[in-house]
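Visitor: So that you have it, the file is final.csv, and it contains CSV, C-alpha atoms and all ligand atoms:
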chain,number,residue,atom,x,y,z
A,1,MET,CA,-23.9,-1.1,35.6
A,2,GLY,CA,-24.4,0.3,32.1
A,3,PHE,CA,-27.7,0.8,30.4
A,4,VAL,CA,-29.2,-2.7,30.3
A,5,ILE,CA,-32.0,-3.5,27.9
A,6,ALA,CA,-33.8,-6.7,28.9
A,7,VAL,CA,-35.9,-8.3,26.1
A,8,ASP,CA,-37.9,-11.3,27.2
A,9,GLY,CA,-40.7,-13.3,25.6
A,10,PRO,CA,-41.8,-16.7,24.4
A,11,ALA,CA,-40.2,-18.7,21.6
A,12,ALA,CA,-40.3,-17.0,18.2
A,13,SER,CA,-41.9,-13.9,19.4
A,14,GLY,CA,-39.4,-11.8,17.5
A,15,LYS,CA,-37.3,-10.9,20.6
A,16,GLY,CA,-34.1,-12.0,19.1
A,17,THR,CA,-34.5,-9.9,16.0
A,18,LEU,CA,-35.5,-6.8,18.1
A,19,ALA,CA,-32.7,-7.3,20.6
A,20,ALA,CA,-30.1,-7.5,17.8
A,21,ARG,CA,-31.5,-4.4,16.0
A,22,LEU,CA,-31.6,-2.4,19.2
A,23,ALA,CA,-28.0,-3.4,19.9
A,24,ALA,CA,-26.9,-2.4,16.4
A,25,LEU,CA,-28.7,1.0,16.8
A,26,LEU,CA,-27.0,1.8,20.1
A,27,ASP,CA,-23.7,0.1,19.3
A,28,PHE,CA,-24.2,-2.1,22.4
A,29,PRO,CA,-23.2,-5.8,22.6
A,30,VAL,CA,-26.1,-8.3,22.5
A,31,LEU,CA,-26.4,-11.7,24.1
A,32,ASP,CA,-29.0,-14.2,22.9
A,33,THR,CA,-29.3,-16.2,26.2
A,34,GLY,CA,-31.4,-18.9,24.6
A,35,LEU,CA,-28.2,-19.9,22.8
A,36,LEU,CA,-26.6,-20.7,26.2
A,37,TYR,CA,-29.4,-23.2,27.1
A,38,ARG,CA,-29.3,-24.6,23.5
A,39,ALA,CA,-25.6,-25.1,23.7
A,40,VAL,CA,-25.8,-26.8,27.1
A,41,ALA,CA,-28.4,-29.2,25.7
A,42,VAL,CA,-26.3,-30.0,22.6
A,43,ARG,CA,-23.2,-30.6,24.7
A,44,LEU,CA,-25.2,-32.9,27.1
A,45,LEU,CA,-26.7,-34.9,24.2
A,46,ALA,CA,-23.3,-35.2,22.4
A,47,ALA,CA,-21.9,-36.8,25.6
A,48,GLY,CA,-24.7,-39.3,25.7
A,49,GLY,CA,-26.4,-37.6,28.6
A,50,ASP,CA,-30.1,-37.4,29.5
A,51,LEU,CA,-31.9,-34.0,29.4
A,52,ASP,CA,-33.8,-34.8,32.5
A,53,ASP,CA,-30.7,-35.6,34.5
A,54,ALA,CA,-30.2,-32.5,36.6
A,55,GLU,CA,-26.7,-33.4,37.7
A,56,ALA,CA,-25.4,-34.1,34.2
A,57,ALA,CA,-27.1,-31.0,32.8
A,58,GLY,CA,-25.5,-28.9,35.5
A,59,ALA,CA,-22.1,-30.3,34.7
A,60,ALA,CA,-22.6,-29.6,31.0
A,61,ALA,CA,-23.6,-26.0,31.8
A,62,ARG,CA,-20.4,-25.5,34.0
A,63,ALA,CA,-18.3,-27.0,31.2
A,64,LEU,CA,-19.8,-24.8,28.5
A,65,ASP,CA,-17.3,-23.1,26.1
A,66,LEU,CA,-18.7,-20.0,24.5
A,67,THR,CA,-17.4,-21.0,21.1
A,68,GLU,CA,-20.1,-23.7,21.2
A,69,LEU,CA,-22.7,-20.9,20.7
A,70,ASP,CA,-21.5,-20.5,17.1
A,71,HIS,CA,-22.2,-24.1,16.1
A,72,ALA,CA,-25.0,-24.4,13.5
A,73,GLU,CA,-26.6,-27.3,15.5
A,74,VAL,CA,-27.6,-25.1,18.4
A,75,ARG,CA,-30.1,-23.3,16.0
A,76,THR,CA,-32.1,-26.4,15.1
A,77,ARG,CA,-35.6,-27.2,16.1
A,78,ALA,CA,-34.4,-30.2,18.2
A,79,ALA,CA,-31.9,-28.0,20.1
A,80,GLY,CA,-34.7,-25.5,21.0
A,81,GLU,CA,-36.8,-28.2,22.4
A,82,ALA,CA,-33.9,-29.8,24.3
A,83,ALA,CA,-32.9,-26.4,25.6
A,84,SER,CA,-36.3,-25.9,27.1
A,85,ARG,CA,-35.8,-29.2,29.0
A,86,VAL,CA,-32.4,-28.5,30.4
A,87,ALA,CA,-33.5,-25.0,31.3
A,88,VAL,CA,-35.8,-26.3,34.1
A,89,HIS,CA,-32.8,-27.5,36.2
A,90,PRO,CA,-31.8,-24.9,38.8
A,91,GLY,CA,-28.2,-26.1,38.6
A,92,VAL,CA,-28.1,-25.2,34.9
A,93,ARG,CA,-29.5,-21.8,35.5
A,94,ALA,CA,-27.1,-21.2,38.4
A,95,ALA,CA,-24.1,-22.1,36.2
A,96,LEU,CA,-25.1,-19.6,33.6
A,97,PHE,CA,-26.0,-16.8,36.0
A,98,ASP,CA,-22.6,-15.0,36.4
A,99,LEU,CA,-21.8,-15.2,32.8
A,100,GLN,CA,-25.1,-13.3,31.9
A,101,GLN,CA,-24.7,-10.8,34.7
A,102,ASN,CA,-21.1,-10.0,33.7
A,103,PHE,CA,-22.2,-9.5,30.1
A,104,ALA,CA,-24.9,-7.1,31.3
A,105,ARG,CA,-22.3,-5.1,33.3
A,106,GLN,CA,-20.5,-3.8,30.2
A,107,GLU,CA,-20.3,-0.1,29.6
A,108,PRO,CA,-22.0,1.9,28.2
A,109,GLY,CA,-24.7,-0.8,28.1
A,110,ALA,CA,-25.8,-4.2,26.8
A,111,VAL,CA,-28.8,-5.9,25.4
A,112,LEU,CA,-29.8,-9.4,26.6
A,113,ASP,CA,-32.8,-11.4,25.3
A,114,GLY,CA,-34.3,-14.5,26.9
A,115,ARG,CA,-37.0,-15.6,29.3
A,116,ASP,CA,-35.9,-14.3,32.7
A,117,ILE,CA,-33.6,-11.3,32.0
A,118,GLY,CA,-36.0,-8.7,33.4
A,119,THR,CA,-37.1,-10.8,36.3
A,120,VAL,CA,-34.0,-12.7,37.5
A,121,ILE,CA,-30.8,-11.9,35.7
A,122,CYS,CA,-31.2,-8.1,35.5
A,123,PRO,CA,-34.1,-7.1,37.7
A,124,ASP,CA,-32.8,-3.5,37.9
A,125,ALA,CA,-32.5,-3.1,34.1
A,126,PRO,CA,-33.8,0.4,33.3
A,127,ALA,CA,-35.4,-0.8,30.0
A,128,LYS,CA,-37.5,-4.0,29.9
A,129,ILE,CA,-39.5,-5.2,26.9
A,130,PHE,CA,-41.7,-8.2,27.0
A,131,VAL,CA,-42.2,-9.3,23.4
A,132,THR,CA,-45.1,-11.6,22.6
A,133,ALA,CA,-47.3,-12.7,19.6
A,134,ALA,CA,-50.1,-15.2,19.1
A,135,PRO,CA,-48.9,-18.8,19.0
A,136,GLU,CA,-50.0,-19.2,15.4
A,137,VAL,CA,-48.1,-16.2,14.3
A,138,ARG,CA,-45.0,-17.4,16.1
A,139,ALA,CA,-45.3,-20.9,14.6
A,140,ASP,CA,-45.5,-19.4,11.1
A,141,ARG,CA,-42.4,-17.3,11.7
A,142,ARG,CA,-40.5,-20.2,13.2
A,143,TRP,CA,-41.6,-22.5,10.3
A,144,ARG,CA,-40.3,-20.1,7.7
A,145,GLN,CA,-37.0,-19.7,9.6
A,146,LEU,CA,-36.5,-23.5,9.9
A,147,THR,CA,-37.4,-24.1,6.3
A,148,SER,CA,-35.0,-21.4,5.1
A,149,GLN,CA,-32.3,-23.2,7.2
A,150,GLY,CA,-33.0,-26.3,5.2
A,151,GLU,CA,-35.1,-28.2,7.8
A,152,THR,CA,-38.1,-30.2,6.5
A,153,VAL,CA,-40.9,-29.7,9.1
A,154,ALA,CA,-44.7,-29.4,9.1
A,155,TYR,CA,-46.3,-26.2,10.3
A,156,ASP,CA,-48.6,-28.1,12.7
A,157,ASP,CA,-45.6,-29.7,14.3
A,158,VAL,CA,-43.9,-26.4,14.8
A,159,LEU,CA,-47.1,-25.0,16.4
A,160,ALA,CA,-47.3,-28.0,18.7
A,161,ASP,CA,-43.7,-27.4,19.7
A,162,ILE,CA,-44.4,-23.8,20.4
A,163,ARG,CA,-47.4,-24.6,22.6
A,164,LYS,CA,-45.4,-27.2,24.5
A,165,ARG,CA,-42.5,-24.9,25.0
A,166,ASP,CA,-44.7,-22.1,26.2
A,167,GLU,CA,-46.2,-24.4,28.8
A,168,ARG,CA,-42.8,-25.7,30.0
A,169,ASP,CA,-41.0,-22.4,30.0
A,170,SER,CA,-43.9,-20.6,31.8
A,171,GLY,CA,-44.7,-23.5,34.2
A,172,ARG,CA,-41.3,-24.4,35.6
A,173,ALA,CA,-40.4,-23.5,39.2
A,174,ALA,CA,-37.0,-22.0,38.4
A,175,ALA,CA,-37.1,-18.6,36.8
A,176,PRO,CA,-40.2,-19.2,34.6
A,177,LEU,CA,-41.0,-17.1,31.6
A,178,ALA,CA,-42.9,-14.1,33.0
A,179,GLN,CA,-43.4,-10.5,32.3
A,180,ALA,CA,-41.6,-8.3,34.9
A,181,ASP,CA,-44.0,-5.8,36.6
A,182,ASP,CA,-42.1,-2.9,35.1
A,183,ALA,CA,-41.7,-4.4,31.6
A,184,VAL,CA,-43.5,-2.9,28.7
A,185,LEU,CA,-45.6,-5.4,26.7
A,186,LEU,CA,-45.0,-5.4,23.0
A,187,ASP,CA,-47.4,-7.7,21.0
A,188,THR,CA,-45.9,-8.1,17.5
A,189,SER,CA,-48.8,-10.3,16.2
A,190,LYS,CA,-50.0,-7.7,13.8
A,191,LEU,CA,-46.7,-5.8,13.3
A,192,THR,CA,-44.1,-5.9,10.6
A,193,ILE,CA,-40.5,-6.2,11.7
A,194,GLU,CA,-40.1,-2.5,11.0
A,195,GLN,CA,-43.2,-1.5,13.0
A,196,ALA,CA,-42.1,-3.8,15.9
A,197,PHE,CA,-38.6,-2.3,15.9
A,198,ASP,CA,-40.0,1.2,15.9
A,199,ALA,CA,-42.1,0.4,18.9
A,200,ALA,CA,-39.1,-1.2,20.7
A,201,ARG,CA,-37.0,1.8,19.9
A,202,ARG,CA,-39.6,4.2,21.4
A,203,ILE,CA,-39.8,2.0,24.6
A,204,VAL,CA,-36.0,2.3,25.0
A,205,GLU,CA,-35.9,6.0,24.3
A,206,THR,CA,-38.6,6.6,27.0
A,207,ALA,CA,-36.6,4.4,29.4
A,208,ARG,CA,-33.4,6.3,28.6
A,209,ALA,CA,-35.0,9.7,29.1
A,210,ARG,CA,-36.5,8.5,32.4
A,211,SER,CA,-33.2,7.1,33.7
A,212,GLY,CA,-31.3,10.2,32.7
A,213,ASN,CA,-29.2,8.1,30.3
A,214,LEU,CA,-29.7,10.2,27.2
A,215,PRO,CA,-28.1,9.3,23.8
A,216,GLY,CA,-24.9,11.2,23.3
B,301,LIG,O1,-35.0,-18.3,23.0
B,301,LIG,P1,-34.8,-19.7,22.5
B,301,LIG,O2,-35.9,-20.3,21.8
B,301,LIG,O3,-33.5,-19.9,21.8
B,301,LIG,O4,-34.6,-20.5,23.9
B,301,LIG,C1,-34.5,-21.9,24.0
B,301,LIG,C2,-35.0,-22.4,25.3
B,301,LIG,O5,-34.0,-22.0,26.3
B,301,LIG,C3,-36.3,-21.9,25.8
B,301,LIG,O6,-37.4,-22.7,25.4
B,301,LIG,C4,-36.1,-21.9,27.3
B,301,LIG,C5,-34.7,-21.7,27.6
B,301,LIG,N1,-34.3,-20.3,28.0
B,301,LIG,C6,-34.4,-20.0,29.3
B,301,LIG,O7,-34.9,-20.9,30.1
B,301,LIG,N2,-34.0,-18.8,29.8
B,301,LIG,C7,-33.5,-17.9,29.0
B,301,LIG,N3,-33.1,-16.7,29.5
B,301,LIG,C8,-33.4,-18.2,27.6
B,301,LIG,C9,-33.8,-19.4,27.1
Take the structure I supplied and represent it as structure tokens, if you would.
Ligand code: DC
Guide:
Amino acid sequence: MGFVIAVDGPAASGKGTLAARLAALLDFPVLDTGLLYRAVAVRLLAAGGDLDDAEAAGAAARALDLTELDHAEVRTRAAGEAASRVAVHPGVRAALFDLQQNFARQEPGAVLDGRDIGTVICPDAPAKIFVTAAPEVRADRRWRQLTSQGETVAYDDVLADIRKRDERDSGRAAAPLAQADDAVLLDTSKLTIEQAFDAARRIVETARARSGNLPG
């Protein structure tokens, strides 16, 4: 196993941006695992399936083609909400498990961001960051992002979505959103992207020094 960096946290916490920037800094590949669940949901809905149908959702996850992660529709607000619903099914999570672990196995390392990377997918990851921010701050960030993508949506609706997703992602039985015991908490509520990235970089440097995996 290479040097795995697990970045977990709730919706719109900034974990995706931080994971991508850490990966660019270290020249590691990065996997936004939320896209997997989003693509499963989009595939299921396109086939006329029901998000609460565990069987159909599991089949959609097993049939997933990774090129589907590149489709613009997986990044919509509706896809995020639908992803949170298919993500509760253990069959969906099982179907996506090997793919994520294989990605993590790349040398010299990899960055994965999601909800259960540090707890379930890569419990032995030497670097774990749990990124969080106040719901209002996350809603504001997500609202700006959706608006810049051309979606028309009210801030209050985005905040309501965020709260509902937090509850569903944290409350589910299968691999719920949770901070691993050995993850470092990074609250980005009052940080700029630069400040948050600086903090994330320091967490990774400390982890690298501790694991003996020093930058070459
Ligand atoms: O990170 P995101 O907002 O793109 O994720 C969409 C949904 O996918 C999220 O609400 C829950 C689910 N998800 C998950 O259950 N496990 C992951 N590792 C990543 C995402």
Visitor: Pull the closest atom pair for each residue of chain A that gets at most 6 Å from ligand LIG 301 (chain B), along with the distance in Å to one decimal, counting all atoms listed in the file, ordering rows by chain and then ascending residue number, as JSON lines.
Guide:
{"residue": "A:Ala11", "atom": "CA", "partner": "B:LIG301", "partner_atom": "O2", "distance": 4.6}
{"residue": "A:Thr33", "atom": "CA", "partner": "B:LIG301", "partner_atom": "C8", "distance": 4.8}
{"residue": "A:Gly34", "atom": "CA", "partner": "B:LIG301", "partner_atom": "C9", "distance": 3.5}
{"residue": "A:Leu35", "atom": "CA", "partner": "B:LIG301", "partner_atom": "O3", "distance": 5.4}
{"residue": "A:Tyr37", "atom": "CA", "partner": "B:LIG301", "partner_atom": "O5", "distance": 4.8}
{"residue": "A:Arg38", "atom": "CA", "partner": "B:LIG301", "partner_atom": "C1", "distance": 5.9}
{"residue": "A:Gly80", "atom": "CA", "partner": "B:LIG301", "partner_atom": "C1", "distance": 4.7}
{"residue": "A:Ala83", "atom": "CA", "partner": "B:LIG301", "partner_atom": "C2", "distance": 4.5}
{"residue": "A:Ser84", "atom": "CA", "partner": "B:LIG301", "partner_atom": "O6", "distance": 3.8}
{"residue": "A:Ala87", "atom": "CA", "partner": "B:LIG301", "partner_atom": "O7", "distance": 4.5}
{"residue": "A:Gly114", "atom": "CA", "partner": "B:LIG301", "partner_atom": "N3", "distance": 3.6}
{"residue": "A:Arg115", "atom": "CA", "partner": "B:LIG301", "partner_atom": "N3", "distance": 4.1}
{"residue": "A:Asp116", "atom": "CA", "partner": "B:LIG301", "partner_atom": "N3", "distance": 4.9}
{"residue": "A:Ile117", "atom": "CA", "partner": "B:LIG301", "partner_atom": "N3", "distance": 6.0}
{"residue": "A:Arg165", "atom": "CA", "partner": "B:LIG301", "partner_atom": "O6", "distance": 5.6}
{"residue": "A:Asp169", "atom": "CA", "partner": "B:LIG301", "partner_atom": "C4", "distance": 5.6}
Visitor: Would you mind listing what lies within 6 Å of stretch 41-58 of chain A as a list in words, with all atoms listed in the file counted and same-chain residues fewer than 3 positions away left out?
Guide: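 In the requested form, the answer reads Arg38, Ala61, Ala82, Ala83, Val86, His89, Gly91 and Val92 of chain A.
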Visitor: When you look at stretch 195-204 of chain A with a cut-off of 9 Å (counting only C-alpha atoms), what residues show up, excluding the ones that are within fewer than 6 positions of it in the same chain? I need them as a ChimeraX atom specification.
Guide: /A:5,14,17-19,21-22,25,126-129,184,186-188
Visitor: Please indicate the distance in Å from atom CA of A:Tyr155 to atom CA of A:Ala139, rounded to one decimal place.
Guide: 6.9 Å
Visitor: One decimal, in Å: what's the spacing between atom CA of A:Arg168 and atom CA of A:Leu99?
Guide: 23.6 Å
Visitor: Looking at A:Leu191, A:Val137, A:Met1, A:Val88, which one is nearest to A:Gly109, with distances taken over all atoms listed in the file?
Guide: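 Selected residue with least distance to A:Gly109: A:Met1.
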